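Engineer: I'm passing along input_37.cif; it holds mmCIF, C-alpha atoms.
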```cif
data_data
loop_
_atom_site.label_atom_id
_atom_site.label_comp_id
_atom_site.auth_asym_id
_atom_site.auth_seq_id
_atom_site.Cartn_x
_atom_site.Cartn_y
_atom_site.Cartn_z
CA MET A 1 41.23 35.09 17.02
CA ASN A 2 40.60 33.69 13.54
CA GLU A 3 43.70 33.01 11.48
CA THR A 4 44.02 35.01 8.26
CA PRO A 5 43.51 32.66 5.26
CA LYS A 6 46.79 32.08 3.40
CA THR A 7 45.16 31.27 0.07
CA LEU A 8 42.10 32.39 -1.84
CA LEU A 9 41.00 28.75 -1.87
CA LYS A 10 41.00 28.73 1.94
CA LEU A 11 39.00 31.97 1.99
CA LEU A 12 36.33 30.59 -0.35
CA VAL A 13 36.12 27.32 1.56
CA THR A 14 35.80 29.19 4.87
CA GLN A 15 33.11 31.51 3.50
CA GLN A 16 31.03 28.51 2.51
CA ARG A 17 31.75 26.54 5.73
CA MET A 18 32.85 23.63 3.56
CA THR A 19 34.12 20.58 5.39
CA TYR A 20 36.65 18.29 3.75
CA ALA A 21 33.87 15.75 3.12
CA THR A 22 31.81 18.32 1.21
CA PHE A 23 34.85 19.52 -0.73
CA GLU A 24 35.74 15.95 -1.70
CA ARG A 25 32.21 15.22 -2.95
CA LEU A 26 32.19 18.38 -5.06
CA PHE A 27 35.70 17.66 -6.34
CA ASN A 28 34.81 14.11 -7.41
CA ASN A 29 31.59 15.27 -9.04
CA ALA A 30 33.38 18.02 -10.96
CA ALA A 31 36.03 15.50 -12.07
CA ASP A 32 33.32 13.28 -13.52
CA ARG A 33 32.06 16.25 -15.54
CA VAL A 34 35.25 17.82 -16.88
CA VAL A 35 37.96 15.17 -17.08
CA LYS A 36 38.24 13.43 -20.44
CA LYS A 37 36.42 10.11 -20.61
CA GLY A 38 38.75 7.12 -20.38
CA THR A 39 41.19 9.10 -18.24
CA LYS A 40 41.63 8.27 -14.57
CA ASN A 41 40.05 11.02 -12.50
CA PRO A 42 42.28 12.95 -10.07
CA THR A 43 41.48 12.63 -6.37
CA CYS A 44 41.88 14.83 -3.32
CA GLY A 45 42.86 13.27 0.00
CA GLU A 46 42.37 15.13 3.27
CA THR A 47 46.11 15.75 3.74
CA GLN A 48 46.29 17.22 0.24
CA PHE A 49 43.24 19.36 0.98
CA ARG A 50 44.94 20.77 4.10
CA ARG A 51 48.10 21.56 2.10
CA TRP A 52 46.08 23.32 -0.60
CA THR A 53 44.15 25.49 1.84
CA GLY A 54 47.14 26.05 4.11
CA GLY A 55 49.34 27.64 1.45
CA LYS A 56 51.88 24.79 1.59
CA LEU A 57 51.85 23.94 -2.12
CA LYS A 58 55.27 24.33 -3.78
CA SER A 59 54.04 23.88 -7.37
CA LEU A 60 50.70 23.63 -9.11
CA PRO A 61 49.03 20.19 -9.19
CA GLY A 62 48.52 18.23 -12.41
CA ALA A 63 46.60 19.59 -15.38
CA ASP A 64 43.45 17.54 -14.71
CA THR A 65 43.41 18.58 -11.05
CA CYS A 66 43.71 22.24 -12.10
CA LEU A 67 40.84 21.73 -14.55
CA VAL A 68 38.64 20.30 -11.79
CA LEU A 69 39.41 23.13 -9.35
CA GLU A 70 38.62 25.77 -11.95
CA ALA A 71 35.32 23.99 -12.68
CA MET A 72 34.50 24.03 -8.96
CA PHE A 73 35.26 27.73 -8.62
CA PRO A 74 34.17 29.43 -11.87
CA GLY A 75 35.84 32.76 -12.48
CA TYR A 76 39.14 31.87 -10.77
CA ASP A 77 42.19 30.21 -12.30
CA VAL A 78 44.38 27.92 -10.21
CA GLU A 79 47.10 30.54 -9.84
CA ALA A 80 44.59 32.80 -8.12
CA LEU A 81 43.15 29.98 -6.00
CA PHE A 82 46.55 28.95 -4.63
CA GLY A 83 47.71 32.54 -4.28
CA PRO A 84 47.01 34.89 -1.37
CA PRO A 85 43.44 36.19 -1.01
CA PRO A 86 42.72 39.67 -2.37
CA ALA A 87 42.76 42.65 -0.05
CA THR A 88 38.99 42.85 -0.41
CA SER A 89 37.20 39.54 0.11
CA PRO A 90 34.98 38.41 -2.78
CA GLN A 91 31.40 39.53 -2.18
CA VAL A 92 29.93 36.32 -3.48
CA PRO A 93 31.42 32.83 -3.06
CA ALA A 94 32.20 31.32 -6.42
CA PHE A 95 32.10 27.53 -6.10
CA ASP A 96 29.60 25.58 -8.19
CA LEU A 97 26.64 25.52 -5.78
CA GLU A 98 24.27 24.61 -8.59
CA GLU A 99 26.11 21.33 -9.09
CA GLN A 100 25.99 20.62 -5.35
CA ILE A 101 22.23 21.18 -5.29
CA LEU A 102 21.64 18.91 -8.29
CA MET A 103 23.99 16.26 -6.89
CA THR A 104 22.07 16.24 -3.60
CA ALA A 105 18.79 16.07 -5.51
CA ARG A 106 20.00 13.00 -7.42
CA GLU A 107 21.21 11.25 -4.27
CA ALA A 108 17.98 12.04 -2.41
CA HIS A 109 15.87 10.55 -5.17
CA GLU A 110 18.02 7.41 -5.33
CA ASP A 111 17.67 6.93 -1.57
CA ALA A 112 13.88 7.40 -1.62
CA ASP A 113 13.31 3.76 -2.66
CA SER A 114 15.83 2.10 -0.33
CA THR A 115 14.72 -0.81 1.92
CA ALA A 116 15.06 -1.56 5.64
CA THR A 117 17.12 -4.26 7.36
CA ALA A 118 17.04 -4.02 11.20
CA SER A 119 15.63 -1.92 14.11
CA ILE A 120 16.41 1.24 16.08
CA SER A 121 15.39 2.99 19.28
CA ASN A 122 12.29 5.18 19.24
CA THR A 123 14.37 7.80 21.04
CA THR A 124 16.57 8.08 17.94
CA ILE A 125 13.52 8.86 15.84
CA ASP A 126 12.28 11.38 18.41
CA GLN A 127 15.63 13.19 18.31
CA LEU A 128 15.61 13.29 14.52
CA ARG A 129 12.04 14.58 14.51
CA ASP A 130 13.03 17.36 16.91
CA ARG A 131 16.03 18.36 14.76
CA ILE A 132 13.96 18.56 11.58
CA GLY A 133 11.22 20.46 13.40
CA THR A 134 13.76 22.97 14.73
CA LEU A 135 15.22 23.51 11.28
CA ALA A 136 11.75 24.09 9.81
CA GLN A 137 10.80 26.53 12.55
CA GLU A 138 14.08 28.45 12.36
CA TYR A 139 14.24 28.38 8.56
CA HIS A 140 13.48 32.09 8.25
CA ALA A 141 16.44 33.04 10.48
CA ARG A 142 19.10 30.96 8.69
CA PRO A 143 20.76 31.57 5.31
CA ALA A 144 19.33 29.33 2.59
CA LEU A 145 22.75 27.78 1.99
CA THR A 146 23.04 26.85 5.68
CA VAL A 147 19.54 25.33 5.61
CA PHE A 148 20.43 23.34 2.52
CA ARG A 149 23.49 21.80 4.15
CA GLN A 150 21.77 21.09 7.46
CA ALA A 151 18.73 19.56 5.75
CA GLU A 152 21.03 17.33 3.70
CA GLU A 153 22.72 16.08 6.88
CA LEU A 154 19.29 15.33 8.37
CA ARG A 155 18.19 13.51 5.22
CA GLN A 156 21.31 11.35 5.32
CA ASP A 157 20.76 10.59 9.02
CA ALA A 158 17.14 9.62 8.39
CA GLU A 159 18.16 7.34 5.53
CA ARG A 160 20.82 5.65 7.63
CA HIS A 161 18.27 4.96 10.36
CA ARG A 162 15.75 3.70 7.80
CA ASP A 163 18.30 1.16 6.60
CA ARG A 164 18.47 -0.25 10.14
CA THR A 165 14.82 -1.03 10.89
CA GLN A 166 12.18 -3.46 9.67
CA ILE A 167 9.49 -2.24 12.08
CA PRO A 168 6.64 -0.88 9.89
CA VAL A 169 5.71 2.02 12.16
CA GLN A 170 9.36 3.14 12.35
CA GLN A 171 9.72 2.79 8.61
CA GLN A 172 6.68 5.01 8.05
CA GLU A 173 7.88 7.64 10.51
CA LEU A 174 11.35 7.72 8.95
CA LEU A 175 9.86 7.98 5.47
CA ILE A 176 7.93 11.04 6.64
CA LEU A 177 11.03 12.57 8.23
CA CYS A 178 13.09 11.90 5.09
CA GLY A 179 10.37 13.60 3.09
CA GLN A 180 10.32 16.61 5.40
CA ALA A 181 14.09 17.00 5.10
CA VAL A 182 13.89 16.77 1.32
CA ALA A 183 11.03 19.29 1.25
CA LEU A 184 13.27 21.72 3.16
CA LEU A 185 16.07 20.98 0.68
CA SER A 186 13.67 21.88 -2.13
CA ALA A 187 12.70 25.16 -0.47
CA ALA A 188 16.34 26.08 0.10
CA ALA A 189 17.30 25.16 -3.48
CA PHE A 190 14.48 27.37 -4.78
CA ASN A 191 15.57 30.24 -2.57
CA LEU A 192 19.11 29.86 -3.93
CA GLY A 193 17.79 30.18 -7.47
CA SER A 194 18.01 26.53 -8.59
CA LEU A 195 14.60 25.79 -10.11
CA SER A 196 15.72 22.48 -11.61
CA GLY A 197 17.16 21.24 -8.31
CA ALA A 198 14.13 22.48 -6.36
CA ARG A 199 11.74 20.75 -8.76
CA ARG A 200 13.56 17.42 -8.54
CA LEU A 201 13.71 17.60 -4.75
CA ALA A 202 10.01 18.51 -4.48
CA ARG A 203 9.12 15.49 -6.60
CA THR A 204 11.24 13.33 -4.29
CA ALA A 205 9.45 14.77 -1.24
CA ALA A 206 6.14 13.88 -2.89
CA LEU A 207 7.43 10.34 -3.45
CA TYR A 208 8.25 10.02 0.25
CA GLY A 209 4.79 11.30 1.15
CA GLU A 210 3.15 8.81 -1.18
CA SER A 211 5.25 5.91 0.16
CA ALA A 212 4.38 6.85 3.75
CA ARG A 213 0.70 7.51 2.88
CA PHE A 214 1.15 10.93 4.49
CA THR A 215 -1.06 13.28 2.48
CA PRO A 216 0.02 16.59 4.12
CA LEU A 217 3.56 16.00 2.82
CA GLN A 218 2.23 15.09 -0.63
CA ALA A 219 0.17 18.28 -0.65
CA PHE A 220 3.06 20.43 0.51
CA ALA A 221 5.35 18.98 -2.16
CA ASP A 222 2.72 19.40 -4.88
CA GLY A 223 2.23 22.99 -3.73
CA SER A 224 5.98 23.54 -4.02
CA LEU A 225 5.90 22.09 -7.53
CA ALA A 226 3.08 24.51 -8.37
CA TYR A 227 5.08 27.44 -7.04
CA ILE A 228 8.19 26.34 -8.92
CA ALA A 229 6.19 25.95 -12.14
CA TYR A 230 4.82 29.47 -11.70
CA HIS A 231 8.32 30.90 -11.34
CA ALA A 232 9.50 28.86 -14.32
CA GLY A 233 6.90 30.61 -16.49
CA GLU A 234 4.47 27.66 -16.52
CA PRO A 235 1.29 29.08 -14.91
CA THR A 236 -1.02 26.44 -16.38
CA GLU A 237 1.10 23.66 -14.88
CA ALA A 238 1.12 25.59 -11.60
CA ILE A 239 -2.69 25.60 -11.53
CA VAL A 240 -2.84 21.88 -12.28
CA LYS A 241 -0.39 21.11 -9.46
CA ALA A 242 -2.17 23.36 -6.97
CA ARG A 243 -5.54 21.74 -7.74
CA SER A 244 -3.98 18.31 -7.41
CA ALA A 245 -2.55 19.28 -4.03
CA LEU A 246 -5.95 20.54 -2.84
CA SER A 247 -7.51 17.19 -3.73
CA HIS A 248 -5.50 15.36 -1.05
CA GLY A 249 -7.44 14.46 2.06
CA GLY A 250 -6.45 15.17 5.63
CA LEU A 251 -5.35 18.78 5.06
CA GLY A 252 -5.76 21.55 7.60
CA ASP A 253 -6.83 25.13 6.97
CA VAL A 254 -3.22 26.38 6.76
CA ALA A 255 -2.39 23.88 4.01
CA LYS A 256 -5.43 24.90 1.97
CA ARG A 257 -4.70 28.61 2.49
CA ARG A 258 -1.17 28.15 1.11
CA LEU A 259 -2.37 26.21 -1.92
CA LEU A 260 -5.14 28.70 -2.73
CA ALA A 261 -2.63 31.58 -2.54
CA ILE A 262 -0.33 29.76 -4.98
CA GLN A 263 -3.25 29.02 -7.27
CA ALA A 264 -4.33 32.69 -7.16
CA ARG A 265 -0.84 33.79 -8.23
CA ALA A 266 -0.85 31.44 -11.23
CA LEU A 267 -4.34 32.53 -12.24
CA GLY A 268 -3.23 36.15 -12.01
CA HIS A 269 -0.24 35.40 -14.23
CA LEU A 270 -2.67 33.99 -16.83
CA GLY A 271 -4.78 37.15 -16.62
CA ASP A 272 -7.85 35.38 -15.21
CA VAL A 273 -8.87 38.23 -12.91
CA GLU A 274 -12.17 36.81 -11.72
CA SER A 275 -10.75 33.39 -10.79
CA ALA A 276 -7.68 34.97 -9.17
CA GLN A 277 -9.86 37.22 -7.00
CA ARG A 278 -12.02 34.25 -6.04
CA ALA A 279 -8.94 32.29 -4.98
CA ILE A 280 -7.68 35.29 -2.96
CA ARG A 281 -11.01 35.52 -1.14
CA GLN A 282 -11.03 31.78 -0.42
CA SER A 283 -7.46 31.92 0.90
CA GLU A 284 -8.41 34.68 3.32
CA GLU A 285 -11.44 32.88 4.76
CA THR A 286 -11.13 31.81 8.39
CA GLY A 287 -11.58 28.10 7.70
CA LEU A 288 -13.14 25.38 9.82
CA GLY A 289 -10.42 25.01 12.42
CA HIS A 290 -8.93 21.93 10.76
CA ARG A 291 -5.27 21.08 11.39
CA ASP A 292 -2.73 18.58 10.09
CA ASP A 293 0.53 17.17 11.44
CA LEU A 294 2.82 18.99 9.00
CA HIS A 295 1.56 22.49 8.26
CA ASP A 296 0.35 22.96 11.85
CA GLY A 297 2.13 20.24 13.83
CA VAL A 298 5.63 21.09 12.54
CA GLY A 299 4.93 24.56 11.20
CA GLY A 300 7.74 26.99 10.46
CA GLU A 301 8.61 26.73 6.77
CA PHE A 302 5.75 24.23 6.43
CA GLY A 303 3.31 26.81 7.81
CA PHE A 304 1.77 29.83 6.12
CA PRO A 305 1.18 32.68 8.60
CA ASP A 306 -1.07 35.66 7.95
CA GLU A 307 1.75 37.99 6.90
CA ARG A 308 2.99 35.50 4.31
CA LEU A 309 -0.55 35.13 2.94
CA ALA A 310 -0.92 38.90 2.70
CA MET A 311 2.45 39.20 0.95
CA SER A 312 1.49 36.53 -1.59
CA ASN A 313 -1.89 38.08 -2.28
CA SER A 314 -0.32 41.51 -2.80
CA SER A 315 1.77 39.98 -5.59
CA THR A 316 -1.36 38.50 -7.14
CA ALA A 317 -3.11 41.86 -6.97
CA LEU A 318 -0.20 43.41 -8.89
CA LEU A 319 -0.45 40.69 -11.54
CA ILE A 320 -4.12 41.48 -12.16
CA GLY A 321 -3.45 45.23 -12.24
CA ASN A 322 -5.14 46.21 -8.98
CA GLY A 323 -2.62 48.63 -7.49
CA ALA A 324 -4.84 49.74 -4.62
CA GLN A 325 -5.48 46.17 -3.49
CA ALA A 326 -1.78 45.37 -3.83
CA GLU A 327 -0.80 48.35 -1.66
CA ALA A 328 -3.38 47.50 0.99
CA THR A 329 -2.33 43.84 1.30
CA ALA A 330 1.39 44.65 1.21
CA ARG A 331 0.88 47.20 3.99
CA ARG A 332 -1.05 44.56 5.94
CA ALA A 333 1.85 42.11 5.58
CA LEU A 334 4.31 44.71 6.86
CA ALA A 335 2.01 45.69 9.73
CA LEU A 336 1.65 42.07 10.82
CA LEU A 337 5.43 41.65 10.70
CA SER A 338 5.96 44.75 12.82
CA GLU A 339 3.85 43.18 15.57
CA LYS A 340 6.23 40.23 15.82
CA ASP A 341 9.41 39.93 17.83
CA PRO A 342 12.34 40.97 15.58
CA THR A 343 13.82 37.46 15.76
CA SER A 344 10.56 36.01 14.40
CA ARG A 345 10.35 38.27 11.35
CA ALA A 346 11.05 36.53 8.06
CA ALA A 347 13.37 38.60 5.84
CA HIS A 348 11.78 36.97 2.79
CA VAL A 349 8.31 38.24 3.71
CA LEU A 350 9.63 41.67 4.72
CA GLY A 351 11.61 42.19 1.51
CA SER A 352 8.91 40.81 -0.76
CA ALA A 353 6.11 42.88 0.79
CA ALA A 354 8.28 46.01 0.72
CA ALA A 355 9.05 45.51 -2.98
CA ASP A 356 5.35 44.89 -3.75
CA LEU A 357 4.42 48.07 -1.89
CA ALA A 358 7.03 50.00 -3.86
CA LEU A 359 5.70 48.70 -7.19
CA ALA A 360 2.11 49.49 -6.21
CA ARG A 361 3.14 53.07 -5.43
CA LEU A 362 5.06 53.36 -8.70
CA ILE A 363 1.97 52.29 -10.62
CA SER A 364 0.11 55.19 -9.00
CA GLY A 365 2.97 57.56 -9.93
CA ASP A 366 4.45 57.95 -6.44
CA VAL A 367 8.23 57.55 -6.95
CA ASP A 368 9.10 59.10 -3.57
CA GLY A 369 6.67 56.71 -1.86
CA ALA A 370 8.27 53.78 -3.69
CA ALA A 371 11.73 54.85 -2.49
CA GLU A 372 10.40 55.01 1.07
CA ALA A 373 8.82 51.54 0.72
CA LEU A 374 12.10 50.04 -0.44
CA LYS A 375 14.08 51.17 2.60
CA PRO A 376 13.64 47.92 4.59
CA ILE A 377 15.14 45.73 1.87
CA TRP A 378 18.54 47.45 1.79
CA ALA A 379 19.33 46.15 5.28
CA ILE A 380 18.64 42.50 4.39
CA PRO A 381 21.96 40.57 4.51
CA GLY A 382 23.25 39.14 1.25
CA ASP A 383 22.74 35.52 2.30
CA HIS A 384 19.05 36.26 3.03
CA ARG A 385 18.41 37.92 -0.35
CA ILE A 386 16.63 34.99 -1.88
CA THR A 387 14.66 34.30 -5.05
CA GLY A 388 11.29 35.76 -4.03
CA ILE A 389 12.78 39.09 -3.01
CA LEU A 390 14.98 39.29 -6.12
CA VAL A 391 12.09 38.58 -8.49
CA ARG A 392 10.02 41.38 -6.96
CA ALA A 393 12.95 43.80 -6.81
CA ALA A 394 13.62 43.08 -10.50
CA GLN A 395 10.01 43.97 -11.29
CA VAL A 396 10.51 47.35 -9.59
CA ARG A 397 13.76 47.89 -11.51
CA ARG A 398 12.09 47.09 -14.84
CA TYR A 399 9.24 49.49 -14.11
CA LEU A 400 11.77 52.23 -13.35
CA SER A 401 13.48 51.50 -16.68
CA GLN A 402 10.56 52.88 -18.69
CA PRO A 403 11.37 55.84 -20.96
CA VAL A 404 9.33 58.20 -18.80
CA PHE A 405 11.92 57.81 -16.02
CA HIS A 406 15.03 58.23 -18.17
CA GLY A 407 17.29 60.96 -16.85
CA ALA A 408 15.37 61.32 -13.59
CA ARG A 409 17.69 61.26 -10.59
CA LEU A 410 15.72 59.20 -8.05
CA PRO A 411 14.56 56.44 -10.46
CA THR A 412 18.15 56.10 -11.69
CA GLN A 413 19.48 55.82 -8.13
CA LEU A 414 16.87 53.19 -7.26
CA ARG A 415 17.64 51.12 -10.37
CA GLU A 416 21.36 51.17 -9.59
CA ARG A 417 20.79 50.28 -5.96
CA ILE A 418 18.59 47.32 -6.90
CA GLU A 419 21.34 46.09 -9.24
CA ASP A 420 23.89 46.32 -6.41
CA PHE A 421 21.43 44.63 -4.06
CA THR A 422 21.06 41.71 -6.50
CA ARG A 423 24.80 41.30 -7.09
CA ALA A 424 25.36 40.74 -3.37
CA SER A 425 22.60 38.11 -3.13
CA ALA A 426 22.85 34.38 -2.50
CA PRO A 427 21.28 33.25 -5.84
CA TYR A 428 23.58 35.52 -7.84
CA GLN A 429 26.45 33.08 -7.32
CA LEU A 430 24.43 30.47 -9.22
CA GLY A 431 23.79 32.70 -12.21
CA ASN A 432 20.07 31.87 -11.85
CA HIS A 433 18.80 35.27 -10.80
CA GLN A 434 17.01 35.83 -14.13
CA LEU A 435 13.89 33.69 -13.75
CA ALA A 436 11.31 33.02 -16.44
CA VAL A 437 8.51 34.65 -14.48
CA GLU A 438 10.37 37.97 -14.66
CA ALA A 439 10.02 38.11 -18.44
#
```
Please rewrite the model in this file as structure tokens.
Structural biologist:
Amino acid sequence: MNETPKTLLKLLVTQQRMTYATFERLFNNAADRVVKKGTKNPTCGETQFRRWTGGKLKSLPGADTCLVLEAMFPGYDVEALFGPPPATSPQVPAFDLEEQILMTAREAHEDADSTATASISNTTIDQLRDRIGTLAQEYHARPALTVFRQAEELRQDAERHRDRTQIPVQQQELLILCGQAVALLSAAAFNLGSLSGARRLARTAALYGESARFTPLQAFADGSLAYIAYHAGEPTEAIVKARSALSHGGLGDVAKRRLLAIQARALGHLGDVESAQRAIRQSEETGLGHRDDLHDGVGGEFGFPDERLAMSNSSTALLIGNGAQAEATARRALALLSEKDPTSRAAHVLGSAAADLALARLISGDVDGAAEALKPIWAIPGDHRITGILVRAAQVRRYLSQPVFHGARLPTQLRERIEDFTRASAPYQLGNHQLAVEA
């Protein structure tokens, strides 16, 4: 039986599955930010960490240490952190996840140019490849925060191995694996609402792909940069990045389908209806049966299955004002999901398609139909309520905020429920749930 946490600090640490090593890194990073320059930074040894979380502190630590802890856990003062946890556990963990994401992004980029010195067993590389492949394939079933931490561990392992070999083929393979881990870090950072961290990590993944001469990774990273630019309110940059990604050789049909869907979304955001529809049609073409070692060979988060394509294209149809097309493609996404085993259904695709279907029905004046469409999203756990779902849910909420709905019972209930849904989400703890593309 799990022991009841004796302090709020212990509760928050447990909620986030923070090891002492992670806590120490965050503590030192926060100290660098908030402690006065020229003053020796406080430190936190493991014994001290155990005393803090175990409720064994007899008096508060020094002023600088208190300042660092309050910076790590915004919204809580040290008295609350060292006191007993509240009767009702906090819905959303409060530590500075944004800083952790950016810190990891900085370290990943610094490691991208490191050099090799020895040699390792091929079995070690095979095991690392399997671990990264498993994480990519099970991405949809794990909370974004968990993926972020596991991908960071894999990146560090790959870098350590890269430092031990001078064999060119091993160096290239480890560069690719480092890049894949960083690409997953970028995806997780985006899903947690950190556009700046996601952008930096995607650029680092592209750097790994370039260094390894592995074009599928370069294309995937450029596609991620396009998607991030779109969500940052930079559709022209998104189009440039998507076209750049499509110019890489050696891409399979899945890779091209993903990039065309991203390009279509950016074109729709710019109001270029004809070009957006053309990109949608191209993304839905069968292709020539071409494959590559990342989008097809690894798959999972690097793939782009039919239901995800349909979900993306329903969003584009909404952007260009075609409600009927949006409803049809959103319904297709949901139908394809329903054919899958429950453990294989991505909550991101389910929630996003459901929100798109709701908005399409609202545009046609069907409020009851919109309420019915939204039912699947309420059951999505808080740690799976990621950026894509929140952006689409916010669009539904804004539509329901029009004067024509003021005072109406069902629209009011839906708006309030969407607000509650957002507050319990993973990105909400970062304060980044208001994205530029929502404006």
Engineer: Distance CA of Thr286 in chain A-CA of Phe304 in chain A, one decimal place?
Structural biologist: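 About the pair CA of Thr286 in chain A and CA of Phe304 in chain A: they are 13.2 Å apart.
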Engineer: Which protein, DNA or RNA residues have an atom at most 12 Å from (41.2, 25.8, -16.5), counting all atoms listed in the file? List them as a PyMOL selection string.
Structural biologist: chain A and resi 34-35+62-81
Engineer: Would you compute the distance between CA of Lys375 in chain A and CA of Ala354 in chain A? Give it in Å to one decimal.
Structural biologist: 8.0 Å
Engineer: Determine, counting only C-alpha atoms, which protein, DNA and RNA residues have an atom within 10 Å of an atom of Gly289 in chain A; residues of the same chain fewer than 3 positions away are not included. Present the result as a short mmCIF file (atom, residue, chain, number, x, y, z; two decimals) with C-alpha atoms, keeping the file's coordinate frame.
Structural biologist:
```cif
data_model
loop_
_atom_site.label_atom_id
_atom_site.label_comp_id
_atom_site.auth_asym_id
_atom_site.auth_seq_id
_atom_site.Cartn_x
_atom_site.Cartn_y
_atom_site.Cartn_z
CA GLY A 252 -5.76 21.55 7.60
CA ASP A 253 -6.83 25.13 6.97
CA VAL A 254 -3.22 26.38 6.76
CA THR A 286 -11.13 31.81 8.39
#
```
Engineer: Got a sec to resolve the PyMOL selection byres ((chain A and resi 130-143) around 9) on this structure and send the residues as a PyMOL selection string?
Structural biologist: chain A and resi 125-129+144-148+150-151+154+177+180-181+184+188+298-303+343-348+382-386+426
Engineer: Provide the CA of Leu309 in chain A to CA of Leu414 in chain A distance in Å, to one decimal place.
Structural biologist: 27.1 Å
Engineer: With all atoms listed in the file as the basis for distance, which of A:Leu217, A:Ala310, A:Ile418, A:Ala394 is at the shortest distance from Leu336 in chain A?
Structural biologist: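 Counting all atoms listed in the file, the residue closest to Leu336 in chain A is A:Ala310.
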Engineer: What's around Gly250 in chain A at 9 Å? Count all atoms listed in the file, leave out sequence neighbours fewer than 6 positions away in its own chain, and write the answer as a list in words.
Structural biologist: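 My reading of the contact set: Phe214, Thr215, Pro216, His290, Arg291 and Asp292 of chain A.
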Engineer: Taking (-1.1, 33.5, -15.2) as a centre in this file's frame and 10 Å as the limit, can you find every polymer residue with an atom that close, using all atoms listed in the file, and give them as an MDAnalysis selection string?
Structural biologist: chainID A and resid 230 233:236 238:239 263:273 276 316 319:320 437
Engineer: Just C-alpha atoms for this one: save the residues we selected as a PDB file, in the coordinates of the input.
Structural biologist:
```pdb
ATOM      1  CA  TYR A 230       4.820  29.470 -11.700  1.00  0.00           C
ATOM      2  CA  GLY A 233       6.900  30.610 -16.490  1.00  0.00           C
ATOM      3  CA  GLU A 234       4.470  27.660 -16.520  1.00  0.00           C
ATOM      4  CA  PRO A 235       1.290  29.080 -14.910  1.00  0.00           C
ATOM      5  CA  THR A 236      -1.020  26.440 -16.380  1.00  0.00           C
ATOM      6  CA  ALA A 238       1.120  25.590 -11.600  1.00  0.00           C
ATOM      7  CA  ILE A 239      -2.690  25.600 -11.530  1.00  0.00           C
ATOM      8  CA  GLN A 263      -3.250  29.020  -7.270  1.00  0.00           C
ATOM      9  CA  ALA A 264      -4.330  32.690  -7.160  1.00  0.00           C
ATOM     10  CA  ARG A 265      -0.840  33.790  -8.230  1.00  0.00           C
ATOM     11  CA  ALA A 266      -0.850  31.440 -11.230  1.00  0.00           C
ATOM     12  CA  LEU A 267      -4.340  32.530 -12.240  1.00  0.00           C
ATOM     13  CA  GLY A 268      -3.230  36.150 -12.010  1.00  0.00           C
ATOM     14  CA  HIS A 269      -0.240  35.400 -14.230  1.00  0.00           C
ATOM     15  CA  LEU A 270      -2.670  33.990 -16.830  1.00  0.00           C
ATOM     16  CA  GLY A 271      -4.780  37.150 -16.620  1.00  0.00           C
ATOM     17  CA  ASP A 272      -7.850  35.380 -15.210  1.00  0.00           C
ATOM     18  CA  VAL A 273      -8.870  38.230 -12.910  1.00  0.00           C
ATOM     19  CA  ALA A 276      -7.680  34.970  -9.170  1.00  0.00           C
ATOM     20  CA  THR A 316      -1.360  38.500  -7.140  1.00  0.00           C
ATOM     21  CA  LEU A 319      -0.450  40.690 -11.540  1.00  0.00           C
ATOM     22  CA  ILE A 320      -4.120  41.480 -12.160  1.00  0.00           C
ATOM     23  CA  VAL A 437       8.510  34.650 -14.480  1.00  0.00           C
TER      24      VAL A 437
END
```
Engineer: How would you write, as a ChimeraX atom specification, the residues chosen by the PyMOL selection byres ((chain A and resi 422) around 10) on this structure?
Structural biologist: /A:382,385-387,389-391,393-394,416-421,423-428,433
Engineer: Using the selection just defined, write its residues with C-alpha atoms as a CSV table (one decimal), in the coordinates of the input.
Structural biologist:
```csv
chain,number,residue,atom,x,y,z
A,382,GLY,CA,23.2,39.1,1.2
A,385,ARG,CA,18.4,37.9,-0.4
A,386,ILE,CA,16.6,35.0,-1.9
A,387,THR,CA,14.7,34.3,-5.0
A,389,ILE,CA,12.8,39.1,-3.0
A,390,LEU,CA,15.0,39.3,-6.1
A,391,VAL,CA,12.1,38.6,-8.5
A,393,ALA,CA,13.0,43.8,-6.8
A,394,ALA,CA,13.6,43.1,-10.5
A,416,GLU,CA,21.4,51.2,-9.6
A,417,ARG,CA,20.8,50.3,-6.0
A,418,ILE,CA,18.6,47.3,-6.9
A,419,GLU,CA,21.3,46.1,-9.2
A,420,ASP,CA,23.9,46.3,-6.4
A,421,PHE,CA,21.4,44.6,-4.1
A,423,ARG,CA,24.8,41.3,-7.1
A,424,ALA,CA,25.4,40.7,-3.4
A,425,SER,CA,22.6,38.1,-3.1
A,426,ALA,CA,22.8,34.4,-2.5
A,427,PRO,CA,21.3,33.2,-5.8
A,428,TYR,CA,23.6,35.5,-7.8
A,433,HIS,CA,18.8,35.3,-10.8
```
Engineer: Where does the PyMOL selection byres ((chain A and resi 47-60) around 9) land in this file, that is, which residues does it pick, as a ChimeraX atom specification?
Structural biologist: /A:5-11,13,20,23-24,44-46,61-63,66,78-79,82-84
Engineer: Out of A:Arg164, A:Lys40, A:Leu374, A:Glu153, which residue has the shortest atom-to-atom distance to Ala21 in chain A when counting all atoms listed in the file?
Structural biologist: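 For Ala21 in chain A, the nearest of the candidates is A:Glu153.
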Engineer: Tell me which protein, DNA and RNA residues are within 12 Å of Ala335 in chain A, counting all atoms listed in the file, leaving out same-chain ones fewer than 4 positions away, and put them as a count of residues only.
Structural biologist: 16
